[in-house]
Amino acid sequence: MLLLWIFLVLLIGGPVAWLAAARSPNASRWIALFVLTVDLALVLTLWAQHHGALDLTGHGAWIADLDLPWMPTLGIRFHLGLDGLSLLLILLTLVLGIMAVAASWSEITERVGFFHLNLLWTIAGTVGVFLALDLFLFFFFWELMLFPMYFLIAVWGHERRVYAAIKFFLFTQGSGLLMFVAILALYFIHYRQTGALTFDYFALSHTRLDPSIEMWLMLGFFVAFAVKLPAVPLHTWLPDAHTEAPTAGSVILAGVLLKTGAYGMLRFAIPLFPTASYDFAPVAMTLGIVGILYGAVLAFAQHDMKRLVAYTSVSHLGFVLLGIYAWNALALQGAVVQMLAHGLSTGALFILVGALQERLHTRDLRQMGGLWTRVPRLAAIGLFLAIASLGLPGLGNFVGEFLILLGTFTRHPAFAAAATVGLVTAVIYALALVQRAFHGEPRAGLRVVPDFSARHMTIMAVMLAALVWLGFNPQPVFDTARSGLDNVQRIASVTRPLRALTR
Amino acid sequence: MKPADFLAILPFLILMGTAIVGLLAIAFHRRHGLTFGLALAGTLLSLASIGVAGNVAPRQVTPLFLIDGYALFYSGLILATTAAVILLSYGYLARRRERQDEYYLLLLFATLGAMALVASNHFASFFIGLETLSISLLGLIAYPRDRTRPVEAGIKYLILAGVSSAILLFGMALIYARVGTLSFGRMVALLRAVGGTTPDIYWLTGLAMIAAGIGFKLSLVPFHLWAPDVYEGAPAPVTGFIAVVSKGAMFALLLRYYLASDAYAFPSALMMINVIAIASILAGNLLALLQSNIKRILAYSSIAHLGYLLVALLAGGAVAIEAVTYYLVAYFVMTLGAFAIVTVLSESGAEADLDALEDYRSLLWRNPWLGGLLTAMLLALAGIPLTVGFMAKFYAVEAGIGARMWPAVFTLVVGSVIGLFYYLRIIVVMAAPALTSTRPRHGALAWAAYPALAILTIALIWLGIYPAPLIALIRLTAFHVG
C-alpha cells in the first residue's frame with residue numbers, strides 16, 4: 001500500500017496546496033515542500049527495506065508491488081511495481097521537486113496555489129510513469145504529466161511561453177498517441193493468441209510477434225520515448241520549452257520528464273520487443289551520437305544562457321540513448337548514472353540561470369560578463385556545475401559518460417570513438433559559458449545585484465554534494481539499479497546468441 | 001395493447017402527460033417558475049419510471065417500438081441530459097425578454113422525439129421520432145424570435161432538415177420497394193429471400209440516401225454545413241441540447257439500424273461509413289482551427305467527435321455497442337458541460353450569447369471555478385486522463401484497432417493532435433492575463449445552474465477515474481439490443 005501512497009500523497013497534496021494559497025501564498029509553498037518531503041521519506045523507507053527484495057515469480061527482483069483491479073472487463077489493472085531503476089528515478093524526481101519548490105520561492109509570486117498544484121501533479125504523473133506495470137496505466141500517467149507541465153510553461157513562462165507550451169504539448173501528445181496505438185495493437189495480438197484481455201506488462205512481454213509487426217510496434221513506442229528523451233531530429237520542442245518555462249518547470253522538464261523517455265525505452269521498448277530493438281540498435285546509437293554532437297554544437301552557438309543549457313541536455317541525453325542501445329551491462333549502468341547526474345547538474349544549472357535572470361532580468365550572455373566580482377558565490381557554483389557538465393572525473397557525469405563509452409567500446413568501437421568527440425565539445429561549450437558569463441570585465445551598465453541567498457546556497461549545497469557523492473561512490477547506485485537492469489540484460493544476452501544462430 | 005405494454009412505455013407516457021399538463025397550465029396561469037418546476041419534475045419522474053419499464057423489457061410495443069435494455073439505457077441518458085438542460089435554461093431565460101414557458105414544453109417534445117428514436121426499430125417510428133425532434137428543435141432554435149441570428153439559424157435548420165427528411169423518406173421508400181417491409185430486423189431476411197446476398201441498386205441507393213439523411217442530423221461531412229451556423233445562432237442551452245440529445249439519439253438509432261439490418265455484411269455500407277468518418281475527423285478538426293467563436297469551435301469539434309464515434313461503430317458487434325455507448329455518454333457529459341459554462345456565462349441577459357473567444361480572456365483568473373470547469377471540459381474533449389474523455393478516446397481507438405481499420409485509426413490519431421491545438425487555444429486565452437480591469441465581473445448564477453454543473457463535473461471526473469460501474473451498466477442493459 002505504501003506504493004499507492006507515494007502517488008496519492010502528491011495527487012492529494014496538489015489541491016491542498018492550491019486551496020491553501022487563498023489563505024497565504026507561503027502556506028502553499030510550505031505545503032508543497034512538506035508533501036514532497038513526506039513522499040521522499042516514504043520512498044526512503046522503501047529503499048531501507050530494499051534488501052528484503054520481493055521476488056515476483058520469475059520476473060526478477062522487485063522492491064514493492066501493488067496490484068488492484070481497476071476496469072476488470074477490459075483487463076485493466078492498477079498495477080504498480082517498484083524496482084531499483086524506478087526507485088532511483090523517483091528519488092531523483094522528488095529531490096528535484098523539492099529543489100524546484102525552493103527555487104521558485106521568490107520567483108513565483110502570482111497564482112502561487114495554482115502553480116504548486118501543477119507542479120505537484122506533474123511530479124505525481126512522473127512518479128506514476130516510473131511505477132506503472134500495466135500498459136494502460138502507464139499511458140494514463142504518461143498523459144497525466146503533460147497538461148500540468150503545459151500550464152507551468154504557458155502561465156508562468158517567459159516571452160514566447162504560449163508558442164513553447166503548445167509545441168511541447170503537441171509533440172509529446174502526438175507521439176504518445178502513436179505509442180497508444182502500439183499498446184492497443186499489442187493488446188489485441190495477445191488477446192488473439194491467448195484469449196485473455198490484459199494490459200499486464202509481464203503477460204504482454206510473452207507475446208509472440210512477427211518480425212515486421214514487432215518492428216512497427218517497437219517504433220510506435222520508440223517515437224514516443226525519443227520525443228521525450230529527446231533524440232535528434234525529434235528534439236525541436238525542447239529548446240523552446242526549456243527556455244520559456246519558469247525555473248521550476250525547466251528543472252522538472254530537464255531533470256525528470258526527459259528521463260521518462262529513457263525509462264520507457266529500458267522498461268518497455270526493449271523488453272517488450274527485444275528482437276526488433278536489437279535490430280534497431282545501430283540506428284538508435286547513431287541518433288544518440290548525432291544528438292551528442294549536434295546538441296553540443298548548437299549549445300556553443302547560443303546567446304541565451306537558458307537555451308544553451310537546454311541544448312546541453314540534448315547532448316547529454318544522446319549519451320543515455322547510446323548507452324541504452326549499446327546493449328551491455330556496463331553501458332546500461334552508465335546510462336542510469338548519467339540520467340541521475342544530468343538531472344542534478346542540469347537542474348542546478350537551470351536554478352542558477354533562473355536566479356541570474358531574477359537578478360539581471362536578462363538571460364542574454366552578451367549582456368553579462370565579469371559577474372565573478374559581483375556575485376562570487378553564484379559564479380563559483382556556476383563554474384562547478386559547468387565542470388560537472390563537461391564530465392570532470394570525480395563528479396557524477398564523468399562516471400556515467402565513462403561507463404557508457406567503455407560499454408559501447410567493447411562492442412562498437414567506431415560508435416564509441418565518435419561519441420568521445422562529444423567530451424571535447426562539452427569542454428568547449430561549458431568553458432565558453434563560464435568565460436562569457438563570469439569572467440572578463442564587468443559589462444558597463446550591469447546593475448549591482450545581490451549574491452546567492454542562504455536559500456539558494458542550501459539548494460546548491462545539496463545538489464553539489466549529490467554530484468560529488470555520485471562521482472566518488474557510485475556503487476550504491478549500481479547495486480540498486482542492478483535489480484531493474486537485470487531484466488533488460490537478461491533479454492539482451494538471450495537475444496544475441498539467438499540472432500547469431502539465425503543469421 | 002396489453003397492460004404490460006403501458007408499463008413498458010411508461011417513461012414516454014409520463015413525459016407526454018407532463019407536456020400536455022404544461023400546455024393546459026399555461027392557458028390558465030403563466031409563470032416561469034411553475035412551468036420550469038413542472039418540466040423538471042416530469043423529466044425526473046420519467047427518468048425514475050425507467051426502472052419500472054425495465055421490469056417488462058424487452059418488449060415489442062406495437063410493431064413500431066422495441067423497449068429493450070438498449071432503448072431504456074439511452075432514454076435514461078437523454079432524460080438525465082434534458083433535466084440538466086432544463087436546470088441550465090432557468091437562469092438563462094429568467095433574465096431575457098421572451099416568454100419562457102413554451103420553451104420548456106418544446107424541450108419536452110424534443111426529448112420525446114429523441115426517446116422515440118432510440119426505441120425505434122421500424123422506419124415509421126424512426127420518421128415520427130425524427131420529425132417530432134426536428135420540429136421542436138426548430139421552435140427552440142428560433143426561440144428568441146426578435147433577434148436576427150436565431151431566426152436565421154432556425155430558417156437554415158428548417159430548410160435543410162426538410163430536404164434531408166425528404167431524402168431520408170426517398171431512401172426508405174426504395175428499400176420498401178425492394179423488400180416490402182419497414183421493420184429493421186426483417187429487412188435482411190427478406191432481402192436474402194428475394195435476391196440472395198448480392199445487394200442490388202435499389203438496396204444500395206436506399207442505404208446511401210438513408211445515410212445522407214442521418215448524416216445530416218449528425219452533421220457528418222459532407223452534410224455538416226448547417227452545424228456551425230445553427231450552433232452559433234441558437235441560444236446556448238439549445239445548442240447544447242442539439243449537440244448532445246439530437247445527435248446522440250440519432251447515433252443510437254444508426255447503431256441499432258446497422259446491427260439489426262446486418263449492414264456489417266455489406267462491404268459497401270462499411271466503406272461509406274469509413275470514408276465519412278475519415279472526412280469528418282479531418283474536416284471537423286481542420287476547420288475548427290480557423291474559428292474565433294467558441295460555439296463554432298465546439299460545432300466543428302462535434303463534427304470530429306461524431307467521426308470518432310463512427311470509427312467505434314465500424315467495429316461491429318458487442319465491441320461497437322460498448323465503445324459507442326461509452327463514447328456517447330462521455331460526449332454527452334463533456335459537450336453539455338462546455339455548453340453549460342457558455343450558458344451560465346451568458347446568463348447576464350445581454351442580447352447575444354457570450355461566445356466570442358475574446359469574451360473568455362483571463363476567465364481562469366476572473367472566475368476560477370467556471371474557468372476551471374470549462375478547462376476541464378475542454379481537456380476532456382481533447383482526451384486527457386482523469387477525465388471521461390480519455391476513456392472515450394481509449395474506446396474509439398480500441399474498437400478501431402480491434403477491427404483493424406488502420407486508416408481510420410491513424411486519422412483519429414492525427415485528428416486528436418489537431419484537435420488538441422484548438423482546445424489549447426481556448427485554454428490559452430482563458431489563462432492569459434487580463435488586458436483591462438473594466439470587464440464586467442459575472443454576477444451570482446441562478447441557483448438552478450449549480451446542481452447541473454455539479455453533476456456534470458462529478459460525472460466528468462468519476463467516469464474518467466473509475467469507469468468500471470458504467471461499463472458494467474452498459475453491459476447489463478445496452479447489450480440487450482433487439
# chains A, B, ... in the order shown; residues from 1 in each chain; ligands from 1
>>> select_by_dssp(residues="segment 24-227 of chain A", states="strand (DSSP E)", output="number ranges by chain")
A: 54-55, 61-62, 64-71, 76-82
>>> write_last_selection(atoms="N, CA and C atoms", output="compact mmCIF listing (two decimals), in the first residue's frame")
# COMPACT_ATOMS: atom_id res chain seq x y z
N LEU A 54 11.55 -8.31 -3.01
CA LEU A 54 10.41 -9.16 -3.28
C LEU A 54 10.68 -9.89 -4.59
N ASP A 55 10.39 -11.16 -4.65
CA ASP A 55 10.59 -11.88 -5.90
C ASP A 55 9.25 -12.12 -6.56
N ALA A 61 13.83 -9.21 -9.40
CA ALA A 61 13.67 -8.68 -8.04
C ALA A 61 12.91 -7.37 -8.05
N TRP A 62 11.88 -7.30 -7.28
CA TRP A 62 11.11 -6.06 -7.13
C TRP A 62 11.07 -5.69 -5.67
N ALA A 64 8.72 -3.50 -4.28
CA ALA A 64 7.34 -3.44 -3.79
C ALA A 64 6.42 -3.60 -4.99
N ASP A 65 5.22 -4.05 -4.71
CA ASP A 65 4.30 -4.37 -5.79
C ASP A 65 2.88 -4.14 -5.29
N LEU A 66 2.05 -3.61 -6.15
CA LEU A 66 0.65 -3.38 -5.76
C LEU A 66 -0.21 -3.66 -6.99
N ASP A 67 -1.17 -4.53 -6.84
CA ASP A 67 -1.96 -4.95 -7.99
C ASP A 67 -3.44 -4.95 -7.61
N LEU A 68 -4.17 -3.95 -8.09
CA LEU A 68 -5.59 -3.87 -7.76
C LEU A 68 -6.41 -3.89 -9.04
N PRO A 69 -7.62 -4.45 -9.00
CA PRO A 69 -8.45 -4.38 -10.20
C PRO A 69 -8.92 -2.94 -10.42
N TRP A 70 -9.02 -2.56 -11.68
CA TRP A 70 -9.46 -1.19 -11.96
C TRP A 70 -10.65 -1.25 -12.93
N MET A 71 -10.40 -1.73 -14.14
CA MET A 71 -11.50 -1.93 -15.08
C MET A 71 -11.42 -3.38 -15.54
N ILE A 76 -7.85 -4.15 -17.45
CA ILE A 76 -7.01 -3.05 -16.99
C ILE A 76 -6.88 -3.13 -15.48
N ARG A 77 -5.65 -3.15 -15.01
CA ARG A 77 -5.43 -3.25 -13.57
C ARG A 77 -4.60 -2.06 -13.10
N PHE A 78 -4.76 -1.75 -11.82
CA PHE A 78 -3.96 -0.69 -11.23
C PHE A 78 -2.72 -1.37 -10.66
N HIS A 79 -1.74 -1.61 -11.52
CA HIS A 79 -0.59 -2.40 -11.13
C HIS A 79 0.64 -1.51 -11.05
N LEU A 80 1.12 -1.32 -9.82
CA LEU A 80 2.34 -0.54 -9.62
C LEU A 80 3.42 -1.48 -9.14
N GLY A 81 4.65 -1.25 -9.60
CA GLY A 81 5.76 -2.06 -9.11
C GLY A 81 6.99 -1.18 -8.99
N LEU A 82 7.76 -1.42 -7.95
CA LEU A 82 8.96 -0.62 -7.74
C LEU A 82 10.17 -1.52 -7.77
>>> interface_residues(of="chain B", to="chain A", cutoff="8 Å", atoms="only C-alpha atoms", output="CSV table (one decimal) with C-alpha atoms, in the first residue's frame")
chain,number,residue,atom,x,y,z
B,384,ILE,CA,-6.7,14.0,-21.3
B,385,PRO,CA,-6.6,11.5,-18.4
B,386,LEU,CA,-8.5,11.9,-15.2
B,397,VAL,CA,-9.1,3.6,-30.7
B,398,GLU,CA,-9.6,0.2,-29.2
B,401,ILE,CA,-7.7,-1.4,-33.8
B,402,GLY,CA,-9.8,-4.4,-32.9
B,413,VAL,CA,-4.7,10.0,-34.0
B,414,VAL,CA,-3.9,12.8,-36.4
B,417,VAL,CA,-3.5,16.0,-32.2
B,420,LEU,CA,-5.6,19.5,-29.1
B,421,PHE,CA,-4.4,22.6,-30.8
B,424,LEU,CA,-5.5,24.5,-26.0
B,428,VAL,CA,-4.5,29.8,-23.5
B,431,ALA,CA,-5.2,31.7,-18.9
B,432,ALA,CA,-4.0,35.0,-20.4
B,466,TYR,CA,-13.4,4.8,-12.2
B,467,PRO,CA,-15.4,3.8,-15.2
B,468,ALA,CA,-16.0,0.2,-14.2
B,471,ILE,CA,-19.1,-0.3,-18.2
>>> residues_around(residues="Pro144 of chain B", least_positions_apart="3", cutoff="8 Å", atoms="only C-alpha atoms", output="PyMOL selection string")
chain B and resi 98+141+147+150-151+235
>>> closest_residue(among="B:Gly51, B:Gly337, B:Gly389, B:Gly171", to="Leu374 of chain B", atoms="only C-alpha atoms")
B:Gly337
>>> residues_around(residues="Ala396 of chain B", least_positions_apart="4", cutoff="8 Å", atoms="only C-alpha atoms", output="PyMOL selection string")
chain B and resi 308-309+311-312+323-324+327+392+400
>>> select_by_dssp(residues="segment 82-226 of chain A", states="helix (DSSP H, G or I)", output="MDAnalysis selection string")
chainID A and resid 84:103 112:131 135:144 146:156 161:194 201:204 211:226
>>> residues_around(residues="Ser164 of chain B", least_positions_apart="3", cutoff="12 Å", atoms="only C-alpha atoms", output="PDB file with C-alpha atoms, in the first residue's frame")
ATOM      1  CA  PHE B 127     -39.618   9.076 -39.046  1.00  0.00           C
ATOM      2  CA  LEU B 130     -37.225  12.382 -36.198  1.00  0.00           C
ATOM      3  CA  GLU B 131     -39.927  14.842 -37.142  1.00  0.00           C
ATOM      4  CA  SER B 134     -36.760  18.365 -35.634  1.00  0.00           C
ATOM      5  CA  TYR B 157     -32.256  24.419 -39.969  1.00  0.00           C
ATOM      6  CA  LEU B 158     -35.824  24.232 -41.240  1.00  0.00           C
ATOM      7  CA  ILE B 159     -34.889  24.135 -44.904  1.00  0.00           C
ATOM      8  CA  LEU B 160     -32.030  21.703 -44.555  1.00  0.00           C
ATOM      9  CA  ALA B 161     -33.954  19.464 -42.172  1.00  0.00           C
ATOM     10  CA  ILE B 167     -34.067  12.305 -48.945  1.00  0.00           C
ATOM     11  CA  LEU B 168     -34.469  10.003 -45.988  1.00  0.00           C
ATOM     12  CA  LEU B 169     -38.049   9.191 -46.955  1.00  0.00           C
ATOM     13  CA  PHE B 170     -36.992   8.518 -50.525  1.00  0.00           C
ATOM     14  CA  GLY B 171     -34.389   6.088 -49.258  1.00  0.00           C
ATOM     15  CA  MET B 209     -29.984   8.034 -49.113  1.00  0.00           C
ATOM     16  CA  ILE B 210     -30.765   6.990 -45.575  1.00  0.00           C
ATOM     17  CA  ALA B 211     -27.131   7.532 -44.681  1.00  0.00           C
ATOM     18  CA  ALA B 212     -27.358  11.011 -46.170  1.00  0.00           C
ATOM     19  CA  GLY B 213     -30.451  11.788 -44.105  1.00  0.00           C
ATOM     20  CA  ILE B 214     -28.854  10.513 -40.929  1.00  0.00           C
ATOM     21  CA  GLY B 215     -25.568  12.167 -41.815  1.00  0.00           C
ATOM     22  CA  PHE B 216     -27.341  15.496 -41.933  1.00  0.00           C
ATOM     23  CA  LYS B 217     -28.713  15.082 -38.433  1.00  0.00           C
ATOM     24  CA  LEU B 218     -25.300  14.034 -37.171  1.00  0.00           C
ATOM     25  CA  SER B 219     -23.641  16.859 -39.147  1.00  0.00           C
ATOM     26  CA  PHE B 223     -23.615  17.107 -44.661  1.00  0.00           C
ATOM     27  CA  HIS B 224     -22.165  19.358 -41.977  1.00  0.00           C
ATOM     28  CA  TRP B 226     -25.535  23.774 -41.202  1.00  0.00           C
TER      29      TRP B 226
END
>>> residues_around(residues="Ser280 of chain B", least_positions_apart="6", cutoff="7 Å", atoms="only C-alpha atoms", output="ChimeraX atom specification")
/B:220-221,303-304,307
>>> write_last_selection(atoms="C-alpha atoms", output="PDB file, in the first residue's frame")
ATOM      1  CA  LEU B 220     -21.159  14.478 -40.691  1.00  0.00           C
ATOM      2  CA  VAL B 221     -19.022  15.622 -43.584  1.00  0.00           C
ATOM      3  CA  ILE B 303     -18.237  17.047 -36.210  1.00  0.00           C
ATOM      4  CA  ALA B 304     -14.877  15.494 -35.430  1.00  0.00           C
ATOM      5  CA  GLY B 307     -16.286  10.960 -36.807  1.00  0.00           C
TER       6      GLY B 307
END
>>> atom_distance(atom1="atom CA of Tyr325 of chain A", atom2="atom CA of Pro282 of chain A")
7.7 Å
>>> atom_distance(atom1="atom CA of Val101 of chain A", atom2="atom CA of Asn473 of chain A")
27.8 Å
>>> residues_around(residues="Gly249 of chain A", least_positions_apart="3", cutoff="8 Å", atoms="only C-alpha atoms", output="short mmCIF file (atom, residue, chain, number, x, y, z; two decimals) with C-alpha atoms, in the first residue's frame")
data_model
loop_
_atom_site.label_atom_id
_atom_site.label_comp_id
_atom_site.auth_asym_id
_atom_site.auth_seq_id
_atom_site.Cartn_x
_atom_site.Cartn_y
_atom_site.Cartn_z
CA ALA A 100 12.09 23.28 -7.68
CA LEU A 119 3.99 21.25 -10.06
CA MET A 149 3.50 20.93 -17.34
CA LEU A 152 3.54 25.61 -15.90
CA ILE A 153 5.03 26.78 -19.17
CA HIS A 242 13.10 24.70 -21.54
CA ALA A 245 9.46 27.58 -18.81
CA PRO A 246 9.83 29.10 -15.35
CA ILE A 252 11.37 19.28 -13.72
CA LEU A 253 11.44 19.11 -17.52
#
>>> closest_residue(among="B:Asn274, B:Ser302, B:Thr62, B:Thr335", to="Leu378 of chain B", atoms="only C-alpha atoms")
B:Thr335
